[in-house]
Every structure is written in C-alpha cells, then in structure tokens.
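Working notes for the structure below.
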Amino acid sequence: MTVGITKIGIAEARAARDPAVLVTLGLGSCVGVCLYDRFKRIIGMAHIMLPSSIEIKNNSNRAKFADTAIEMLIKEMLGLGANKGRITAKIAGGAQMFSFKSANDLMRIGERNVEAVRRELKKHSVEIVAEDVGGSYGRTIEFYSKNGELHIKTIGHGINVI
C-alpha cells in the first residue's frame, strides 16, 4: 500500500487515514498541531499562525487560528471515523524567531501561539502527549499515521522524534 504524503501549508489543516504522512515546512512562531487516534490510525495536522480569530478582522480562514483550527481539525477527523475520546496531541513550533527589546505582548507571538494551542486542546479534552516548542529556530515536521511518530527536523539541532 502506498503512503500518501500530504503537505500542509501555512494556515492549513487536514486529516488523513492510514497510510499517510502529513508534512509542514518552516514552523517559526507558528505551531504545528498533530492529532492522532492510534486505534483507527487517523491523523490530523494544523499549521497555526495566530492565537485567536477574535483579535483579527480578516478571520475567514479558520485554519489560521488556534481557537478555530483545532475544533475544525477534530471535526474532520471524526468525519473519517476517529473517536474523540482517543485523540491525543503532539505539538511543535512556537519559536521566538527575532529578539525584541520591547516586552510588548504582540512580539511574543510564538509563546502566545503555544499558550492558545494548549488552552484549546484542554478545552476539547485532548491530552498533549509530547511537545517540542519554543527556542529561536524553525522546524519542519512529518507526522506518521502508522505509529503516531512526529519527526521534527531543525537546522543545527538535528532530528527529534516524539
């Protein structure tokens, strides 16, 4: 059986049945949210750019925001046969890519994204089983339906599997 590799772009979310690999490139301050139902081997990934759709006027792309993308992704996975009570999460990204002298909250976008993702997953009773967040470097992630492994590739930091 051929494994389908699907690229998830910035502010996109998708779910897939086994065999599948979901990939997103260049997570900086964005957060990659990877959801998994290990019994059905259904996976989902969202490349989240911003913490909240409420703070932005142009909020029509629901996959862009933590508060709307996670709910949307869970619904898509349920539509493929996932069981909500079995879905777990792995998250990566949320880096502080640039240093600022200001303590302005708006400049802490990576940290704010991670906080929003954690809050939304908790709201939906989805446990975070592993994470690789923060730092000052970008990440590329690959999520595998066969075993739920998340491969995180970074320049200068190698490959981390969670």
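Naming scheme: A, B, ... for chains in displayed order of the structure tokens; residues 1 onward per chain; ligands 1 onward as shown.
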
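All residues in region 62-147 of chain A with a DSSP state of alpha helix (DSSP H), computed from the backbone, read A:Ala66, A:Asp67, A:Thr68, A:Ala69, A:Ile70, A:Glu71, A:Met72, A:Leu73, A:Ile74, A:Lys75, A:Glu76, A:Met77, A:Leu78, A:Gly79, A:Ile109, A:Gly110, A:Glu111, A:Arg112, A:Asn113, A:Val114, A:Glu115, A:Ala116, A:Val117, A:Arg118, A:Arg119, A:Glu120, A:Leu121, A:Lys122, A:Lys123.
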
Hey, could you make a per-residue contact list for region 83-156 of chain A against region 4-18 of chain A with 9 Å as the cut-off, showing the nearest pair of atoms and its distance in Å to one decimal, counting only C-alpha atoms, sorted by chain and number, as JSON lines?
{"residue": "A:Tyr144", "atom": "CA", "partner": "A:Asp18", "partner_atom": "CA", "distance": 8.4}
{"residue": "A:Ser145", "atom": "CA", "partner": "A:Asp18", "partner_atom": "CA", "distance": 5.2}
{"residue": "A:Lys146", "atom": "CA", "partner": "A:Asp18", "partner_atom": "CA", "distance": 6.3}

Output C-alpha atoms for every residue in the selection just made, as a short mmCIF file (atom, residue, chain, number, x, y, z; two decimals), in the first residue's frame.
data_model
loop_
_atom_site.label_atom_id
_atom_site.label_comp_id
_atom_site.auth_asym_id
_atom_site.auth_seq_id
_atom_site.Cartn_x
_atom_site.Cartn_y
_atom_site.Cartn_z
CA TYR A 144 3.12 9.36 10.52
CA SER A 145 -0.24 7.58 10.71
CA LYS A 146 1.28 4.08 11.11
#

Residues of chain A classed as strand (DSSP E) by DSSP on the backbone are to be reported as a CSV table (one decimal) with C-alpha atoms, in the first residue's frame.
chain,number,residue,atom,x,y,z
A,4,GLY,CA,0.2,9.3,0.8
A,5,ILE,CA,2.3,12.3,1.7
A,6,THR,CA,0.3,15.5,2.1
A,7,LYS,CA,1.9,18.9,2.5
A,13,ALA,CA,-5.4,21.9,8.3
A,14,ARG,CA,-6.0,18.4,7.1
A,15,ALA,CA,-6.9,14.9,8.4
A,16,ALA,CA,-6.0,11.6,6.8
A,17,ARG,CA,-6.4,7.8,7.2
A,20,ALA,CA,-0.5,8.7,5.4
A,21,VAL,CA,2.2,11.2,6.2
A,22,LEU,CA,1.4,14.9,6.9
A,23,VAL,CA,4.2,17.4,6.5
A,24,THR,CA,4.6,21.1,7.1
A,25,LEU,CA,7.7,23.2,6.4
A,26,GLY,CA,9.1,26.2,8.2
A,27,LEU,CA,7.4,26.4,11.5
A,31,VAL,CA,2.6,25.9,15.9
A,32,GLY,CA,2.1,22.6,14.2
A,33,VAL,CA,-0.7,20.7,16.0
A,34,CYS,CA,-0.7,17.0,15.3
A,35,LEU,CA,-3.7,14.9,16.4
A,36,TYR,CA,-3.8,11.1,16.4
A,37,ASP,CA,-6.4,8.3,17.0
A,42,ILE,CA,-6.3,8.7,11.7
A,43,ILE,CA,-4.1,11.7,11.9
A,44,GLY,CA,-4.6,15.4,11.6
A,45,MET,CA,-2.3,18.4,11.3
A,46,ALA,CA,-2.9,22.1,11.5
A,47,HIS,CA,-0.2,24.8,10.8
A,48,ILE,CA,-1.5,27.6,13.2
A,87,ILE,CA,-7.5,11.6,20.2
A,88,THR,CA,-4.1,12.7,21.6
A,89,ALA,CA,-1.9,15.6,20.5
A,90,LYS,CA,1.7,16.4,19.8
A,91,ILE,CA,2.8,20.0,19.2
A,92,ALA,CA,5.9,21.7,17.7
A,93,GLY,CA,7.0,25.2,16.9
A,127,GLU,CA,-4.2,15.4,26.0
A,128,ILE,CA,-0.8,16.7,24.8
A,129,VAL,CA,1.4,13.6,25.0
A,130,ALA,CA,4.6,15.2,23.6
A,131,GLU,CA,5.9,18.6,22.5
A,132,ASP,CA,8.9,20.4,21.1
A,133,VAL,CA,8.2,24.1,21.4
A,139,ARG,CA,11.2,23.4,12.5
A,140,THR,CA,9.9,21.1,9.7
A,141,ILE,CA,7.6,18.3,10.9
A,142,GLU,CA,6.5,15.0,9.5
A,143,PHE,CA,3.6,13.1,11.2
A,144,TYR,CA,3.1,9.4,10.5
A,150,LEU,CA,6.3,13.1,14.9
A,151,HIS,CA,9.7,13.7,13.2
A,152,ILE,CA,11.0,17.3,13.9
A,153,LYS,CA,13.8,18.5,11.7
A,154,THR,CA,15.8,21.6,12.6
A,158,GLY,CA,19.2,17.6,14.1
A,159,ILE,CA,16.1,15.4,14.1
A,160,ASN,CA,14.0,14.8,17.1
A,161,VAL,CA,11.3,12.1,17.2

Close residues, region 118-122 of chain A itself excluded, 8 Å, only C-alpha atoms, min 3 positions apart in chain, as a list in words: Ala66, Asp67, Ile70, Ala89, Val114, Glu115, Ser125, Val126, Glu127 and Ile128 of chain A

The selected residues should be written to file as a PDB file, in the first residue's frame (atoms: C-alpha atoms).
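What ended up in result-v1.pdb:
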ATOM      1  CA  ALA A  66      -5.690  28.175  17.344  1.00  0.00           C
ATOM      2  CA  ASP A  67      -9.246  28.812  18.546  1.00  0.00           C
ATOM      3  CA  ILE A  70      -8.300  22.736  16.396  1.00  0.00           C
ATOM      4  CA  ALA A  89      -1.898  15.630  20.507  1.00  0.00           C
ATOM      5  CA  VAL A 114       1.708  27.766  22.193  1.00  0.00           C
ATOM      6  CA  GLU A 115      -0.429  29.055  25.098  1.00  0.00           C
ATOM      7  CA  SER A 125     -10.210  17.336  26.356  1.00  0.00           C
ATOM      8  CA  VAL A 126      -7.309  16.379  24.085  1.00  0.00           C
ATOM      9  CA  GLU A 127      -4.170  15.403  26.013  1.00  0.00           C
ATOM     10  CA  ILE A 128      -0.793  16.674  24.792  1.00  0.00           C
TER      11      ILE A 128
END
